[in-house]
Amino acid sequence: MNTVVVNKELEKIEKEIITLKNQTAENIIQIGYKLMEAKKRLSHGEWGSWLESKVEFSQRTANQFMRIAKEFGTNSQAISNLEITKVGLLLDVPTEKREEFIENHDLKSMSTREIKKVIKETINEN
């Protein structure tokens, strides 16, 4: 196969992956909102079994998605290029410092270990 054709095909795949990756953060936020909506409609004590049987989520995952929706729902652009693990870590940054933290760090290129370390340092500044 021609190298130019392979490179063009690879570029197309790369763009598709990036698009899907960016959609992931927005989808997590939307799932979080839907989970909050469902939780309101369920009777007391039904939440855990509903999650497990209907949407195959643990309560921990559902809680994280709902928290991400609450915290980033109005600013999904800030997290659009991050993996879910990194978004979850950002929840540990105090709300009043979060926007500045995101702006001042290249989170996309940082490892989760590096992000945890910087978050710990940020929290300890208080």
# chains A, B, ... in the order shown; residues from 1 in each chain; ligands from 1
$ residues_around --residues "segment 50-61 of chain A" --least-positions-apart "5" --cutoff "12 Å" --atoms "only C-alpha atoms" --output "PyMOL selection string"
chain A and resi 28+31-32+34-36+38-39+41-45+66-68+84-85+88
$ write_last_selection --atoms "N, CA, C and O atoms" --output "PDB file, in the first residue's frame"
ATOM      1  N   ILE A  28     -20.090  12.165  29.382  1.00  0.00           N
ATOM      2  CA  ILE A  28     -20.068  11.883  30.815  1.00  0.00           C
ATOM      3  C   ILE A  28     -20.914  12.900  31.559  1.00  0.00           C
ATOM      4  O   ILE A  28     -21.671  12.553  32.468  1.00  0.00           O
ATOM      5  N   ILE A  31     -24.513  12.054  30.855  1.00  0.00           N
ATOM      6  CA  ILE A  31     -24.889  10.865  31.623  1.00  0.00           C
ATOM      7  C   ILE A  31     -25.102  11.239  33.081  1.00  0.00           C
ATOM      8  O   ILE A  31     -26.063  10.795  33.718  1.00  0.00           O
ATOM      9  N   GLY A  32     -24.224  12.077  33.616  1.00  0.00           N
ATOM     10  CA  GLY A  32     -24.370  12.528  35.002  1.00  0.00           C
ATOM     11  C   GLY A  32     -25.697  13.220  35.238  1.00  0.00           C
ATOM     12  O   GLY A  32     -26.386  12.957  36.224  1.00  0.00           O
ATOM     13  N   LYS A  34     -28.441  12.809  33.471  1.00  0.00           N
ATOM     14  CA  LYS A  34     -29.495  11.789  33.341  1.00  0.00           C
ATOM     15  C   LYS A  34     -29.578  10.929  34.598  1.00  0.00           C
ATOM     16  O   LYS A  34     -30.665  10.567  35.049  1.00  0.00           O
ATOM     17  N   LEU A  35     -28.422  10.614  35.171  1.00  0.00           N
ATOM     18  CA  LEU A  35     -28.414   9.835  36.410  1.00  0.00           C
ATOM     19  C   LEU A  35     -29.084  10.618  37.546  1.00  0.00           C
ATOM     20  O   LEU A  35     -29.854  10.048  38.333  1.00  0.00           O
ATOM     21  N   MET A  36     -28.808  11.921  37.628  1.00  0.00           N
ATOM     22  CA  MET A  36     -29.449  12.747  38.659  1.00  0.00           C
ATOM     23  C   MET A  36     -30.965  12.752  38.469  1.00  0.00           C
ATOM     24  O   MET A  36     -31.726  12.655  39.442  1.00  0.00           O
ATOM     25  N   ALA A  38     -32.778  10.413  36.968  1.00  0.00           N
ATOM     26  CA  ALA A  38     -33.306   9.086  37.302  1.00  0.00           C
ATOM     27  C   ALA A  38     -33.375   8.892  38.813  1.00  0.00           C
ATOM     28  O   ALA A  38     -34.369   8.360  39.327  1.00  0.00           O
ATOM     29  N   LYS A  39     -32.342   9.330  39.513  1.00  0.00           N
ATOM     30  CA  LYS A  39     -32.293   9.153  40.967  1.00  0.00           C
ATOM     31  C   LYS A  39     -33.468   9.843  41.649  1.00  0.00           C
ATOM     32  O   LYS A  39     -34.046   9.312  42.601  1.00  0.00           O
ATOM     33  N   ARG A  41     -36.380  10.209  40.451  1.00  0.00           N
ATOM     34  CA  ARG A  41     -37.615   9.502  40.117  1.00  0.00           C
ATOM     35  C   ARG A  41     -37.752   8.139  40.797  1.00  0.00           C
ATOM     36  O   ARG A  41     -38.828   7.567  40.814  1.00  0.00           O
ATOM     37  N   LEU A  42     -36.668   7.638  41.338  1.00  0.00           N
ATOM     38  CA  LEU A  42     -36.692   6.334  41.983  1.00  0.00           C
ATOM     39  C   LEU A  42     -37.080   6.463  43.448  1.00  0.00           C
ATOM     40  O   LEU A  42     -36.742   7.447  44.106  1.00  0.00           O
ATOM     41  N   SER A  43     -37.752   5.459  43.943  1.00  0.00           N
ATOM     42  CA  SER A  43     -38.115   5.421  45.358  1.00  0.00           C
ATOM     43  C   SER A  43     -36.878   5.139  46.187  1.00  0.00           C
ATOM     44  O   SER A  43     -35.902   4.552  45.702  1.00  0.00           O
ATOM     45  N   HIS A  44     -36.957   5.510  47.456  1.00  0.00           N
ATOM     46  CA  HIS A  44     -35.849   5.278  48.376  1.00  0.00           C
ATOM     47  C   HIS A  44     -35.478   3.797  48.377  1.00  0.00           C
ATOM     48  O   HIS A  44     -36.331   2.928  48.441  1.00  0.00           O
ATOM     49  N   GLY A  45     -34.181   3.512  48.248  1.00  0.00           N
ATOM     50  CA  GLY A  45     -33.703   2.136  48.276  1.00  0.00           C
ATOM     51  C   GLY A  45     -33.633   1.453  46.919  1.00  0.00           C
ATOM     52  O   GLY A  45     -33.108   0.343  46.814  1.00  0.00           O
ATOM     53  N   MET A  66     -22.193  12.018  38.265  1.00  0.00           N
ATOM     54  CA  MET A  66     -23.100  13.082  38.715  1.00  0.00           C
ATOM     55  C   MET A  66     -22.306  14.266  39.263  1.00  0.00           C
ATOM     56  O   MET A  66     -22.655  15.420  39.004  1.00  0.00           O
ATOM     57  N   ARG A  67     -21.240  13.982  39.975  1.00  0.00           N
ATOM     58  CA  ARG A  67     -20.410  15.067  40.520  1.00  0.00           C
ATOM     59  C   ARG A  67     -19.717  15.830  39.388  1.00  0.00           C
ATOM     60  O   ARG A  67     -19.631  17.055  39.422  1.00  0.00           O
ATOM     61  N   ILE A  68     -19.245  15.112  38.379  1.00  0.00           N
ATOM     62  CA  ILE A  68     -18.618  15.762  37.221  1.00  0.00           C
ATOM     63  C   ILE A  68     -19.642  16.661  36.532  1.00  0.00           C
ATOM     64  O   ILE A  68     -19.331  17.792  36.146  1.00  0.00           O
ATOM     65  N   ILE A  84     -11.209  10.425  31.547  1.00  0.00           N
ATOM     66  CA  ILE A  84     -12.115  10.433  32.700  1.00  0.00           C
ATOM     67  C   ILE A  84     -11.342  10.373  34.014  1.00  0.00           C
ATOM     68  O   ILE A  84     -11.723  11.020  34.993  1.00  0.00           O
ATOM     69  N   THR A  85     -10.250   9.648  34.055  1.00  0.00           N
ATOM     70  CA  THR A  85      -9.455   9.554  35.289  1.00  0.00           C
ATOM     71  C   THR A  85      -8.944  10.925  35.702  1.00  0.00           C
ATOM     72  O   THR A  85      -9.005  11.299  36.879  1.00  0.00           O
ATOM     73  N   GLY A  88     -11.768  13.112  36.960  1.00  0.00           N
ATOM     74  CA  GLY A  88     -12.083  12.726  38.337  1.00  0.00           C
ATOM     75  C   GLY A  88     -11.103  13.319  39.333  1.00  0.00           C
ATOM     76  O   GLY A  88     -11.493  13.769  40.412  1.00  0.00           O
TER      77      GLY A  88
END
$ closest_residue --among "A:Gln30, A:Asn7, A:Asn104, A:Gln23" --to "Glu83 of chain A" --atoms "only C-alpha atoms"
A:Gln23
$ closest_residue --among "A:Asp92, A:Glu9, A:Glu26, A:Glu121" --to "Ala69 of chain A" --atoms "only C-alpha atoms"
A:Glu26
$ atom_distance --atom1 "atom CA of Leu82 of chain A" --atom2 "atom CA of Lys116 of chain A"
14.4 Å
$ select_by_dssp --residues "segment 36-80 of chain A" --states "alpha helix (DSSP H)" --output "list of chain:residue names"
A:Met36, A:Glu37, A:Ala38, A:Lys39, A:Lys40, A:Arg41, A:Trp47, A:Gly48, A:Ser49, A:Trp50, A:Gln59, A:Arg60, A:Thr61, A:Ala62, A:Asn63, A:Gln64, A:Phe65, A:Met66, A:Arg67, A:Ile68, A:Ala69, A:Lys70, A:Glu71, A:Phe72
$ residues_around --residues "Glu125 of chain A" --least-positions-apart "4" --cutoff "12 Å" --atoms "only C-alpha atoms" --output "PyMOL selection string"
chain A and resi 93-94+97+118-121
$ atom_distance --atom1 "atom CA of Gly73 of chain A" --atom2 "atom CA of Asn124 of chain A"
26.7 Å
$ closest_residue --among "A:Ile18, A:Ile102, A:Ala62, A:Val4" --to "Leu90 of chain A" --atoms "only C-alpha atoms"
A:Ile102
$ closest_residue --among "A:Arg113, A:Thr24, A:Glu96, A:Gln64" --to "Ser76 of chain A" --atoms "only C-alpha atoms"
A:Thr24
$ residues_around --residues "Ala78 of chain A" --least-positions-apart "4" --cutoff "10 Å" --atoms "only C-alpha atoms" --output "NGL selection string"
:A and (25 or 72 or 74 or 82 or 87 or 99 or 102-103)
$ write_last_selection --atoms "N, CA, C and O atoms" --output "PDB file, in the first residue's frame"
ATOM      1  N   ALA A  25     -16.055  13.497  27.280  1.00  0.00           N
ATOM      2  CA  ALA A  25     -16.279  14.370  28.439  1.00  0.00           C
ATOM      3  C   ALA A  25     -17.707  14.909  28.429  1.00  0.00           C
ATOM      4  O   ALA A  25     -18.385  14.910  29.456  1.00  0.00           O
ATOM      5  N   PHE A  72     -18.670  20.461  36.337  1.00  0.00           N
ATOM      6  CA  PHE A  72     -18.155  20.894  35.039  1.00  0.00           C
ATOM      7  C   PHE A  72     -19.235  21.099  33.986  1.00  0.00           C
ATOM      8  O   PHE A  72     -18.913  21.414  32.842  1.00  0.00           O
ATOM      9  N   THR A  74     -21.305  23.369  33.227  1.00  0.00           N
ATOM     10  CA  THR A  74     -21.356  24.658  32.537  1.00  0.00           C
ATOM     11  C   THR A  74     -20.034  24.996  31.847  1.00  0.00           C
ATOM     12  O   THR A  74     -19.954  25.973  31.126  1.00  0.00           O
ATOM     13  N   LEU A  82      -9.600  15.703  28.163  1.00  0.00           N
ATOM     14  CA  LEU A  82      -9.007  14.900  29.232  1.00  0.00           C
ATOM     15  C   LEU A  82      -9.685  13.543  29.372  1.00  0.00           C
ATOM     16  O   LEU A  82     -10.873  13.400  29.110  1.00  0.00           O
ATOM     17  N   VAL A  87     -10.219  13.849  34.800  1.00  0.00           N
ATOM     18  CA  VAL A  87     -11.364  14.680  35.171  1.00  0.00           C
ATOM     19  C   VAL A  87     -11.750  14.385  36.614  1.00  0.00           C
ATOM     20  O   VAL A  87     -12.002  15.295  37.404  1.00  0.00           O
ATOM     21  N   GLU A  99     -10.506  26.460  38.102  1.00  0.00           N
ATOM     22  CA  GLU A  99     -10.348  27.066  36.784  1.00  0.00           C
ATOM     23  C   GLU A  99      -8.899  27.507  36.562  1.00  0.00           C
ATOM     24  O   GLU A  99      -8.312  27.247  35.520  1.00  0.00           O
ATOM     25  N   ILE A 102      -6.626  24.461  36.042  1.00  0.00           N
ATOM     26  CA  ILE A 102      -6.749  23.905  34.687  1.00  0.00           C
ATOM     27  C   ILE A 102      -5.988  24.771  33.687  1.00  0.00           C
ATOM     28  O   ILE A 102      -5.286  24.254  32.817  1.00  0.00           O
ATOM     29  N   GLU A 103      -6.113  26.083  33.828  1.00  0.00           N
ATOM     30  CA  GLU A 103      -5.439  27.002  32.903  1.00  0.00           C
ATOM     31  C   GLU A 103      -3.919  26.957  33.038  1.00  0.00           C
ATOM     32  O   GLU A 103      -3.199  27.122  32.060  1.00  0.00           O
TER      33      GLU A 103
END
$ closest_residue --among "A:Asn22, A:Ser80, A:Asn2, A:Asn63" --to "Trp47 of chain A" --atoms "only C-alpha atoms"
A:Asn63
$ closest_residue --among "A:Ile79, A:Leu20, A:Met110, A:Val6" --to "Leu91 of chain A" --atoms "only C-alpha atoms"
A:Ile79
$ decode --residues "segment 61-79 of chain A" --atoms "C-alpha atoms" --output "short mmCIF file (atom, residue, chain, number, x, y, z; two decimals), in the first residue's frame"
data_model
loop_
_atom_site.label_atom_id
_atom_site.label_comp_id
_atom_site.auth_asym_id
_atom_site.auth_seq_id
_atom_site.Cartn_x
_atom_site.Cartn_y
_atom_site.Cartn_z
CA THR A 61 -19.20 5.43 39.01
CA ALA A 62 -22.66 6.97 39.04
CA ASN A 63 -21.69 9.29 41.89
CA GLN A 64 -18.55 10.36 40.04
CA PHE A 65 -20.48 11.07 36.82
CA MET A 66 -23.10 13.08 38.71
CA ARG A 67 -20.41 15.07 40.52
CA ILE A 68 -18.62 15.76 37.22
CA ALA A 69 -21.92 17.00 35.76
CA LYS A 70 -22.47 19.31 38.74
CA GLU A 71 -18.92 20.62 38.77
CA PHE A 72 -18.15 20.89 35.04
CA GLY A 73 -21.56 20.98 33.37
CA THR A 74 -21.36 24.66 32.54
CA ASN A 75 -17.69 24.45 31.52
CA SER A 76 -17.29 21.19 29.64
CA GLN A 77 -14.74 22.80 27.31
CA ALA A 78 -12.22 22.89 30.16
CA ILE A 79 -12.22 19.10 30.38
#
